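Text of final23.txt, listed as compact mmCIF, C-alpha atoms:
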# COMPACT_ATOMS: atom_id res chain seq x y z
CA MET A 19 10.91 119.37 34.71
CA SER A 20 13.65 119.67 37.31
CA LYS A 21 16.71 121.69 36.42
CA LYS A 22 20.06 119.99 35.94
CA ILE A 23 22.03 120.81 39.07
CA ASN A 24 25.73 121.16 39.75
CA ASP A 25 26.27 118.11 41.98
CA THR A 26 29.95 118.76 42.78
CA ILE A 27 29.28 119.05 46.49
CA ILE A 28 27.29 115.79 46.60
CA ARG A 29 30.14 113.96 44.91
CA ALA A 30 32.59 115.49 47.38
CA TYR A 31 30.37 114.44 50.30
CA ASN A 32 30.42 110.92 48.90
CA GLY A 33 34.22 110.93 48.86
CA GLU A 34 34.57 111.22 45.09
CA GLN A 35 37.28 113.22 43.34
CA THR A 36 36.00 116.62 42.12
CA ASP A 37 37.45 119.27 39.82
CA TYR A 38 37.66 121.76 42.68
CA THR A 39 36.84 121.96 46.39
CA PRO A 40 33.18 122.94 46.75
CA ALA A 41 32.16 125.54 49.32
CA TRP A 42 29.15 126.80 51.25
CA TYR A 43 28.87 128.70 54.53
CA MET A 44 26.83 127.96 57.61
CA ARG A 45 24.27 130.74 58.22
CA GLN A 46 24.90 131.98 54.68
CA ALA A 47 21.16 132.47 54.15
CA GLY A 48 20.58 136.02 55.22
CA ARG A 49 22.67 137.34 58.11
CA SER A 50 24.86 140.01 56.50
CA GLN A 51 23.11 140.54 53.14
CA LYS A 52 21.40 143.91 52.81
CA GLU A 53 18.36 142.39 51.07
CA TYR A 54 17.83 140.07 54.01
CA ARG A 55 18.33 142.76 56.62
CA LYS A 56 15.72 144.88 54.90
CA LEU A 57 13.27 141.96 55.10
CA LYS A 58 14.03 141.48 58.79
CA GLU A 59 12.88 145.04 59.44
CA LYS A 60 9.42 143.86 58.44
CA TYR A 61 9.30 140.12 59.24
CA SER A 62 10.52 137.85 62.03
CA LEU A 63 12.41 134.63 61.25
CA PHE A 64 9.31 132.51 61.82
CA GLU A 65 7.21 134.87 59.67
CA ILE A 66 9.67 134.49 56.79
CA THR A 67 9.76 130.70 57.08
CA HIS A 68 5.94 130.54 56.98
CA GLN A 69 5.93 132.19 53.53
CA PRO A 70 7.46 129.69 51.06
CA GLU A 71 8.09 132.18 48.23
CA LEU A 72 9.80 134.60 50.60
CA CYS A 73 11.73 131.86 52.38
CA ALA A 74 12.90 130.43 49.05
CA TYR A 75 14.10 133.89 48.05
CA VAL A 76 16.18 134.23 51.24
CA THR A 77 17.57 130.70 50.82
CA ARG A 78 18.76 131.26 47.25
CA LEU A 79 20.17 134.77 47.80
CA PRO A 80 23.64 133.59 48.88
CA VAL A 81 23.80 131.10 46.01
CA GLU A 82 23.22 133.91 43.54
CA HIS A 83 25.53 136.38 45.30
CA TYR A 84 28.40 134.16 46.46
CA ASN A 85 28.38 131.39 43.80
CA VAL A 86 28.46 128.74 46.53
CA ASP A 87 27.99 125.08 45.67
CA ALA A 88 24.97 124.46 47.91
CA ALA A 89 22.02 126.26 49.43
CA ILE A 90 20.99 125.61 53.01
CA LEU A 91 17.35 125.97 53.85
CA TYR A 92 16.52 129.18 55.70
CA LYS A 93 14.92 128.19 58.99
CA ASP A 94 15.91 127.60 62.60
CA ILE A 95 16.53 124.43 64.58
CA MET A 96 13.55 125.55 66.69
CA SER A 97 11.19 125.43 63.69
CA PRO A 98 9.70 121.96 64.35
CA LEU A 99 9.33 122.29 68.14
CA PRO A 100 5.94 124.08 68.21
CA ALA A 101 4.47 120.93 66.64
CA LEU A 102 5.43 119.10 69.85
CA GLY A 103 3.73 121.72 72.01
CA VAL A 104 6.90 123.64 72.86
CA GLU A 105 6.20 127.37 73.24
CA VAL A 106 9.26 128.94 71.62
CA GLU A 107 9.98 132.51 70.57
CA ILE A 108 13.13 133.80 68.85
CA LYS A 109 13.99 137.02 70.69
CA SER A 110 16.36 139.52 69.10
CA GLY A 111 19.72 139.63 70.87
CA ILE A 112 18.86 136.60 72.99
CA GLY A 113 17.91 133.68 70.76
CA PRO A 114 15.30 131.01 71.37
CA VAL A 115 13.27 131.45 74.57
CA ILE A 116 10.96 128.66 75.75
CA ASP A 117 8.17 129.49 78.18
CA ASN A 118 7.34 125.91 79.15
CA PRO A 119 10.69 124.21 79.89
CA VAL A 120 10.93 120.47 80.44
CA THR A 121 11.63 119.58 84.08
CA SER A 122 10.03 116.16 84.62
CA PHE A 123 8.95 112.89 83.06
CA GLN A 124 5.40 114.24 82.97
CA ASP A 125 6.57 117.16 80.83
CA VAL A 126 8.10 114.72 78.35
CA GLU A 127 4.90 112.67 78.26
CA LYS A 128 2.93 115.82 77.35
CA LEU A 129 5.04 116.43 74.24
CA GLY A 130 3.27 115.69 70.98
CA GLU A 131 4.51 114.16 67.74
CA ILE A 132 5.28 115.90 64.49
CA ASN A 133 3.37 115.27 61.29
CA PRO A 134 5.48 117.29 58.84
CA LYS A 135 2.85 117.53 56.11
CA ASN A 136 0.34 118.98 58.57
CA ASP A 137 2.63 120.81 61.00
CA VAL A 138 5.33 122.34 58.75
CA PRO A 139 3.84 122.31 55.22
CA TYR A 140 5.47 125.68 54.52
CA VAL A 141 8.93 124.16 55.07
CA LEU A 142 8.20 121.36 52.62
CA GLU A 143 6.71 123.76 50.06
CA THR A 144 9.82 125.96 50.28
CA ILE A 145 12.00 122.92 49.59
CA ARG A 146 9.84 121.95 46.60
CA LEU A 147 10.00 125.46 45.15
CA LEU A 148 13.77 125.55 45.46
CA SER A 149 14.47 122.02 44.31
CA GLU A 150 12.07 121.88 41.39
CA GLU A 151 12.20 125.42 40.03
CA GLN A 152 14.82 127.76 41.46
CA LEU A 153 18.16 126.17 42.35
CA GLU A 154 20.99 124.91 40.19
CA VAL A 155 22.92 123.58 43.18
CA PRO A 156 21.83 121.02 45.82
CA LEU A 157 19.72 122.12 48.77
CA ILE A 158 20.88 121.06 52.23
CA GLY A 159 18.14 120.40 54.76
CA PHE A 160 18.80 120.22 58.46
CA SER A 161 17.63 119.61 61.98
CA GLY A 162 18.92 120.18 65.46
CA ALA A 163 20.16 117.08 67.28
CA PRO A 164 18.42 115.80 70.42
CA PHE A 165 21.01 117.07 72.91
CA THR A 166 21.10 120.58 71.45
CA LEU A 167 17.30 120.79 71.21
CA ALA A 168 16.96 119.37 74.72
CA SER A 169 19.37 121.98 76.08
CA TYR A 170 17.02 124.77 74.99
CA MET A 171 13.94 122.88 76.14
CA ILE A 172 15.36 122.26 79.62
CA GLU A 173 17.25 125.52 80.16
CA GLY A 174 14.42 127.62 78.71
CA GLY A 175 16.85 129.37 76.38
CA PRO A 176 20.56 129.70 75.58
CA SER A 177 23.01 128.58 78.25
CA LYS A 178 26.70 128.99 78.96
CA ASN A 179 27.21 125.80 80.95
CA TYR A 180 24.12 123.61 80.32
CA ALA A 181 24.00 122.88 84.04
CA LYS A 182 20.24 122.20 84.18
CA THR A 183 20.46 119.98 81.12
CA LYS A 184 23.32 117.87 82.43
CA ALA A 185 21.81 117.76 85.92
CA LEU A 186 18.60 116.25 84.54
CA MET A 187 20.62 113.82 82.42
CA TYR A 188 22.61 112.58 85.44
CA ARG A 189 19.81 112.75 88.02
CA ASP A 190 16.94 111.27 86.06
CA PRO A 191 18.11 109.04 83.19
CA ASP A 192 14.60 107.67 82.61
CA THR A 193 13.31 111.15 81.81
CA TRP A 194 16.42 111.91 79.80
CA PHE A 195 16.16 108.88 77.56
CA ALA A 196 12.41 109.40 77.14
CA LEU A 197 13.15 112.93 75.92
CA MET A 198 15.93 111.67 73.62
CA ASP A 199 13.55 109.12 72.09
CA LYS A 200 10.84 111.74 71.60
CA LEU A 201 13.27 114.09 69.87
CA ALA A 202 14.77 111.28 67.79
CA ASP A 203 11.30 110.36 66.48
CA MET A 204 10.69 114.00 65.62
CA THR A 205 14.08 114.38 63.89
CA ILE A 206 13.64 111.25 61.78
CA ALA A 207 10.13 112.24 60.63
CA TYR A 208 11.06 115.89 60.04
CA VAL A 209 14.25 115.17 58.10
CA THR A 210 12.73 112.35 56.06
CA ALA A 211 9.99 114.76 54.94
CA GLN A 212 12.66 117.29 53.90
CA ILE A 213 14.39 114.65 51.78
CA GLU A 214 11.13 113.55 50.20
CA ALA A 215 10.40 117.19 49.34
CA GLY A 216 13.75 117.54 47.56
CA ALA A 217 16.64 118.14 50.01
CA LYS A 218 19.78 116.53 48.57
CA ALA A 219 21.85 116.38 51.78
CA ILE A 220 21.16 116.70 55.50
CA GLN A 221 23.15 118.36 58.26
CA ILE A 222 22.37 117.55 61.89
CA PHE A 223 23.47 120.41 64.12
CA ASP A 224 24.56 119.15 67.53
CA SER A 225 25.92 122.59 68.23
CA TRP A 226 26.31 122.34 72.00
CA VAL A 227 27.08 118.64 72.58
CA GLY A 228 30.74 119.53 73.09
CA ALA A 229 29.68 120.36 76.66
CA LEU A 230 29.69 116.60 77.35
CA SER A 231 32.70 114.35 77.89
CA ALA A 232 33.34 111.55 75.41
CA ALA A 233 32.41 109.00 78.09
CA ASP A 234 29.06 110.69 78.74
CA TYR A 235 28.45 111.08 75.01
CA ARG A 236 28.78 107.32 74.56
CA ILE A 237 26.22 106.65 77.30
CA TYR A 238 23.66 109.42 76.91
CA ILE A 239 23.84 110.55 73.27
CA LYS A 240 25.51 108.11 70.90
CA PRO A 241 22.71 105.48 70.98
CA VAL A 242 20.09 108.01 69.89
CA MET A 243 22.38 109.45 67.19
CA ASN A 244 23.03 105.95 65.87
CA ARG A 245 19.27 105.42 65.66
CA ILE A 246 18.66 108.73 63.86
CA PHE A 247 21.43 108.32 61.31
CA GLY A 248 20.66 104.63 60.88
CA GLU A 249 17.10 105.49 59.85
CA LEU A 250 18.14 108.42 57.66
CA ARG A 251 20.76 106.26 55.95
CA LYS A 252 17.84 104.50 54.19
CA GLU A 253 17.10 107.75 52.31
CA ASN A 254 20.39 107.58 50.42
CA VAL A 255 21.52 111.20 50.78
CA PRO A 256 24.78 112.46 52.34
CA LEU A 257 24.52 112.90 56.11
CA ILE A 258 26.59 115.51 57.98
CA VAL A 259 27.11 115.95 61.72
CA PHE A 260 28.44 119.20 63.19
CA GLY A 261 29.08 120.65 66.62
CA VAL A 262 31.15 123.39 68.25
CA GLY A 263 34.01 122.72 70.66
CA ALA A 264 33.68 118.99 70.12
CA SER A 265 37.14 117.86 68.99
CA HIS A 266 37.11 115.23 71.75
CA LEU A 267 34.04 113.67 70.11
CA LEU A 268 35.40 113.38 66.56
CA LEU A 269 36.16 109.66 66.80
CA GLU A 270 32.71 109.06 68.26
CA TRP A 271 31.23 110.85 65.23
CA ASP A 272 33.49 108.94 62.87
CA ASP A 273 31.91 105.79 64.25
CA LEU A 274 28.36 106.98 63.41
CA PRO A 275 26.66 106.05 60.10
CA VAL A 276 27.36 109.50 58.63
CA ASP A 277 29.22 110.57 55.51
CA VAL A 278 30.65 113.90 56.63
CA ILE A 279 32.01 115.43 59.83
CA GLY A 280 31.97 119.20 60.23
CA LEU A 281 34.99 120.70 61.99
CA ASP A 282 34.99 123.97 63.88
CA TRP A 283 38.14 126.11 63.74
CA ARG A 284 39.71 124.56 66.85
CA THR A 285 40.77 121.35 65.10
CA SER A 286 42.69 121.34 61.82
CA ILE A 287 42.15 118.87 59.02
CA THR A 288 45.61 117.43 59.72
CA GLN A 289 44.82 116.96 63.41
CA ALA A 290 41.52 115.25 62.61
CA ARG A 291 43.22 112.84 60.21
CA GLN A 292 46.02 112.16 62.70
CA MET A 293 43.37 111.31 65.30
CA GLY A 294 42.07 108.64 62.93
CA VAL A 295 39.02 110.38 61.45
CA THR A 296 38.28 108.76 58.09
CA LYS A 297 35.05 110.44 56.91
CA THR A 298 34.84 113.37 54.51
CA LEU A 299 35.53 116.60 56.41
CA GLN A 300 33.74 119.94 56.17
CA GLY A 301 35.19 123.22 57.39
CA ASN A 302 36.79 125.06 58.92
CA LEU A 303 37.79 128.73 58.59
CA ASP A 304 37.23 130.73 61.77
CA PRO A 305 34.36 133.14 60.95
CA ALA A 306 36.20 135.91 62.83
CA ILE A 307 38.94 135.83 60.20
CA LEU A 308 36.40 137.18 57.70
CA LEU A 309 36.56 140.49 59.60
CA SER A 310 40.31 140.69 59.04
CA ASN A 311 42.16 141.98 55.96
CA TRP A 312 42.08 140.06 52.69
CA GLN A 313 45.74 139.06 52.94
CA THR A 314 45.01 137.21 56.20
CA ILE A 315 41.82 135.64 54.84
CA GLU A 316 43.67 134.43 51.74
CA LYS A 317 46.55 132.97 53.76
CA LYS A 318 44.28 131.10 56.18
CA THR A 319 42.05 129.79 53.39
CA LYS A 320 44.96 128.53 51.30
CA SER A 321 46.37 126.81 54.38
CA ILE A 322 43.14 124.87 54.88
CA LEU A 323 42.99 123.93 51.19
CA ASP A 324 46.65 122.86 51.21
CA GLU A 325 45.96 120.64 54.21
CA SER A 326 42.98 119.02 52.52
CA ALA A 327 45.11 118.34 49.43
CA GLU A 328 47.89 116.79 51.49
CA GLN A 329 45.67 114.57 53.62
CA GLN A 330 43.71 111.54 52.44
CA GLY A 331 39.92 111.86 52.34
CA GLY A 332 37.34 114.25 50.93
CA HIS A 333 36.82 117.87 51.89
CA VAL A 334 34.13 120.53 51.51
CA PHE A 335 35.13 124.07 52.42
CA ASN A 336 33.05 125.88 55.02
CA LEU A 337 33.41 128.06 58.08
CA GLY A 338 34.04 126.63 61.55
CA HIS A 339 30.72 128.14 62.63
CA GLY A 340 28.14 130.49 61.11
CA VAL A 341 28.50 133.73 59.18
CA THR A 342 28.22 136.68 61.58
CA PRO A 343 25.99 139.65 60.69
CA ASP A 344 28.95 142.04 60.40
CA VAL A 345 30.71 140.14 57.59
CA ASN A 346 30.87 142.01 54.28
CA PRO A 347 28.95 140.01 51.63
CA GLU A 348 31.62 140.92 49.08
CA THR A 349 34.17 139.11 51.26
CA LEU A 350 32.17 135.89 51.03
CA LYS A 351 31.85 136.26 47.26
CA LYS A 352 35.60 136.76 46.96
CA LEU A 353 36.25 133.84 49.33
CA THR A 354 34.20 131.44 47.20
CA GLU A 355 36.12 132.47 44.10
CA LEU A 356 39.42 131.91 45.94
CA VAL A 357 38.39 128.44 47.10
CA HIS A 358 37.28 127.43 43.61
CA THR A 359 40.31 128.79 41.73
CA TYR A 360 43.03 127.81 44.22
CA SER A 361 41.75 124.24 44.60
CA LYS A 362 41.08 123.64 40.88
CA ARG A 363 42.75 120.45 39.78

Would you encode the structure as structure tokens?
Amino acid sequence: MSKKINDTIIRAYNGEQTDYTPAWYMRQAGRSQKEYRKLKEKYSLFEITHQPELCAYVTRLPVEHYNVDAAILYKDIMSPLPALGVEVEIKSGIGPVIDNPVTSFQDVEKLGEINPKNDVPYVLETIRLLSEEQLEVPLIGFSGAPFTLASYMIEGGPSKNYAKTKALMYRDPDTWFALMDKLADMTIAYVTAQIEAGAKAIQIFDSWVGALSAADYRIYIKPVMNRIFGELRKENVPLIVFGVGASHLLLEWDDLPVDVIGLDWRTSITQARQMGVTKTLQGNLDPAILLSNWQTIEKKTKSILDESAEQQGGHVFNLGHGVTPDVNPETLKKLTELVHTYSKR
């Protein structure tokens, strides 16, 4: 029998009034925890994700240590790409490196399709373990968005300016849209399988789409995002979109069939509301502040919570990007307690 879970964060995502502001942190699974770092001495990220019991352990660690209101599945946005025939390796200090980058329409045609039950059964088994046996808070599943995935697939790895990606997009729209459709199909199938396995909310990371103008977003990206979220809407779980440096795209996101918009630290809750954003907001403490003194952390956190109380609309507390490896785990534990107690109604 499934455990009774604390669904505060789901109610907040749905815009309902809650007793306190719920909190979780991007990249909370692992990163700075000593137990995780010890595991990483022995296993790579992909090796951990291929072992459901081990992956479930890493996923639930921050829930147990920080008392956060949600777990986020430990994996990488690159996790489903090998199923398509993409040769990807996560290299320490570099990030994802792809040995067979996409450069032509023929390369897109060669890409396969994902069958989650056959291609990523370990991901689904991890979700089942967590959802049915181990967690007392909701599990958030996730996927990378087509633009962000495409940027790695075209550049061959991380990029500072996404020049090759945008050049292909402008130069060869047929290839671009074929790639977007291929990645949209993968995202829909992959995420739907996560929900069926037990994920209670979904975050789509379009981490690098802020590199595009709003006008280009409307032409090259928004149609595929509408299709993805339109299909996922049928699954009846909260849907979250997040990117970095994308304040100019907030109204475009507000127009998508999503429930929640994640803010990075560059845009305040007040600014987002003044722009006309109506959806529930998630964010948005600058992760760098966690390396400061507690007085500064407390002041900045209370400011965000005061803003969310003053503005109309729901709010879930998070960071404006992921936890960095040098953050003290005790700081995150103390931060969660502050968010819960200060926001208690």

Practice prompt. Just the residues within 12 Å of range 113-121 of chain A, please, counting all atoms listed in the file, with nothing from its chain fewer than 5 positions along; format it as a VMD selection string.
Written response: chain A and resid 63 to 64 94 to 97 99 to 100 102 to 108 126 to 129 166 to 177 182 to 187 189 to 190 193 to 194 196 to 197

Produce a file of the selected residues containing C-alpha atoms, as a short mmCIF file (atom, residue, chain, number, x, y, z; two decimals), in the frame of the given file.
data_model
loop_
_atom_site.label_atom_id
_atom_site.label_comp_id
_atom_site.auth_asym_id
_atom_site.auth_seq_id
_atom_site.Cartn_x
_atom_site.Cartn_y
_atom_site.Cartn_z
CA LEU A 63 12.41 134.63 61.25
CA PHE A 64 9.31 132.51 61.82
CA ASP A 94 15.91 127.60 62.60
CA ILE A 95 16.53 124.43 64.58
CA MET A 96 13.55 125.55 66.69
CA SER A 97 11.19 125.43 63.69
CA LEU A 99 9.33 122.29 68.14
CA PRO A 100 5.94 124.08 68.21
CA LEU A 102 5.43 119.10 69.85
CA GLY A 103 3.73 121.72 72.01
CA VAL A 104 6.90 123.64 72.86
CA GLU A 105 6.20 127.37 73.24
CA VAL A 106 9.26 128.94 71.62
CA GLU A 107 9.98 132.51 70.57
CA ILE A 108 13.13 133.80 68.85
CA VAL A 126 8.10 114.72 78.35
CA GLU A 127 4.90 112.67 78.26
CA LYS A 128 2.93 115.82 77.35
CA LEU A 129 5.04 116.43 74.24
CA THR A 166 21.10 120.58 71.45
CA LEU A 167 17.30 120.79 71.21
CA ALA A 168 16.96 119.37 74.72
CA SER A 169 19.37 121.98 76.08
CA TYR A 170 17.02 124.77 74.99
CA MET A 171 13.94 122.88 76.14
CA ILE A 172 15.36 122.26 79.62
CA GLU A 173 17.25 125.52 80.16
CA GLY A 174 14.42 127.62 78.71
CA GLY A 175 16.85 129.37 76.38
CA PRO A 176 20.56 129.70 75.58
CA SER A 177 23.01 128.58 78.25
CA LYS A 182 20.24 122.20 84.18
CA THR A 183 20.46 119.98 81.12
CA LYS A 184 23.32 117.87 82.43
CA ALA A 185 21.81 117.76 85.92
CA LEU A 186 18.60 116.25 84.54
CA MET A 187 20.62 113.82 82.42
CA ARG A 189 19.81 112.75 88.02
CA ASP A 190 16.94 111.27 86.06
CA THR A 193 13.31 111.15 81.81
CA TRP A 194 16.42 111.91 79.80
CA ALA A 196 12.41 109.40 77.14
CA LEU A 197 13.15 112.93 75.92
#

Next on the checklist: Env of Leu353 in chain A: 8 Å cut, atoms = all atoms listed in the file, seq-sep filter 4 positions within chain, self excluded. Answer as a list in words.
Outcome noted: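 Contacts, in chain order: Glu316, Thr349 and Val357 of chain A.
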
Nearest to Asp137 in chain A, restricted to all atoms listed in the file and choosing among A:Lys60, A:Lys317, A:His339, A:His68, comes out as A:His68

Gap from CA of Asp277 in chain A to CA of Pro256 in chain A - Å, one decimal =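 Value for the CA of Asp277 in chain A-CA of Pro256 in chain A distance: 5.8 Å.
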
Which residues of range 190-264 of chain A come within 9 Å of range 149-162 of chain A, and for each one, what is the closest pair of atoms and their distance in Å to one decimal, counting all atoms listed in the file, sorted by chain and residue number, as CSV?
residue,atom,partner,partner_atom,distance
A:Thr205,CA,A:Ser161,CA,6.6
A:Tyr208,CA,A:Ser161,CA,7.8
A:Val209,CA,A:Ser161,CA,6.8
A:Gln212,CA,A:Gly159,CA,6.4
A:Ile213,CA,A:Gly159,CA,7.5
A:Ala215,CA,A:Ser149,CA,8.1
A:Gly216,CA,A:Ser149,CA,5.6
A:Ala217,CA,A:Leu157,CA,5.2
A:Lys218,CA,A:Leu157,CA,5.6
A:Ala219,CA,A:Ile158,CA,4.8
A:Ile220,CA,A:Gly159,CA,4.8
A:Gln221,CA,A:Phe160,CA,4.7
A:Ile222,CA,A:Ser161,CA,5.2
A:Phe223,CA,A:Gly162,CA,4.7
A:Asp224,CA,A:Gly162,CA,6.1
A:Ser225,CA,A:Gly162,CA,7.9

Store the residues picked out above in a file with C-alpha atoms, as a CSV table (one decimal), keeping the file's coordinate frame.
chain,number,residue,atom,x,y,z
A,205,THR,CA,14.1,114.4,63.9
A,208,TYR,CA,11.1,115.9,60.0
A,209,VAL,CA,14.2,115.2,58.1
A,212,GLN,CA,12.7,117.3,53.9
A,213,ILE,CA,14.4,114.6,51.8
A,215,ALA,CA,10.4,117.2,49.3
A,216,GLY,CA,13.8,117.5,47.6
A,217,ALA,CA,16.6,118.1,50.0
A,218,LYS,CA,19.8,116.5,48.6
A,219,ALA,CA,21.8,116.4,51.8
A,220,ILE,CA,21.2,116.7,55.5
A,221,GLN,CA,23.2,118.4,58.3
A,222,ILE,CA,22.4,117.6,61.9
A,223,PHE,CA,23.5,120.4,64.1
A,224,ASP,CA,24.6,119.2,67.5
A,225,SER,CA,25.9,122.6,68.2

Report task. Report the distance between CA of Ile90 in chain A and CA of Ala47 in chain A in Å, rounded to one decimal place. Result ->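 Computing it gives 7.0 Å between the two atoms.
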
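Compared by their closest atoms to Tyr140 in chain A, and using all atoms listed in the file, the residues A:Ser286, A:Gln69, A:Thr39, A:Gln124 rank with A:Gln69 nearest.
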
Practice task
Can you pull out every residue within 9 Å of Val138 in chain A, counting all atoms listed in the file, but drop anything in the same chain fewer than 4 positions away, and send it as an NGL selection string?
Solution key: :A and (68 or 97-98 or 101 or 132-134 or 142-143 or 208)

message = Ranking A:His333, A:Glu59, A:Asp203, A:Val295 by minimum distance to Arg29 in chain A and counting only C-alpha atoms, which one comes first?
response =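 Between A:His333, A:Glu59, A:Asp203, A:Val295, the residue approaching Arg29 in chain A most closely is A:His333.
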
Using only C-alpha atoms, the shortest atom-to-atom distance to Met243 in chain A among A:Leu267, A:Ala163, A:Ala211, A:Ile322 belongs to A:Ala163

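The space separating CA of Ile28 in chain A from CA of Leu91 in chain A comes to 16.0 Å.
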
Given all atoms listed in the file as the counted atoms, nearest of A:Val345, A:Leu269, A:Val334, A:Ile237 to Pro191 in chain A: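 Ranking A:Val345, A:Leu269, A:Val334, A:Ile237 by distance to Pro191 in chain A, first place goes to A:Ile237.
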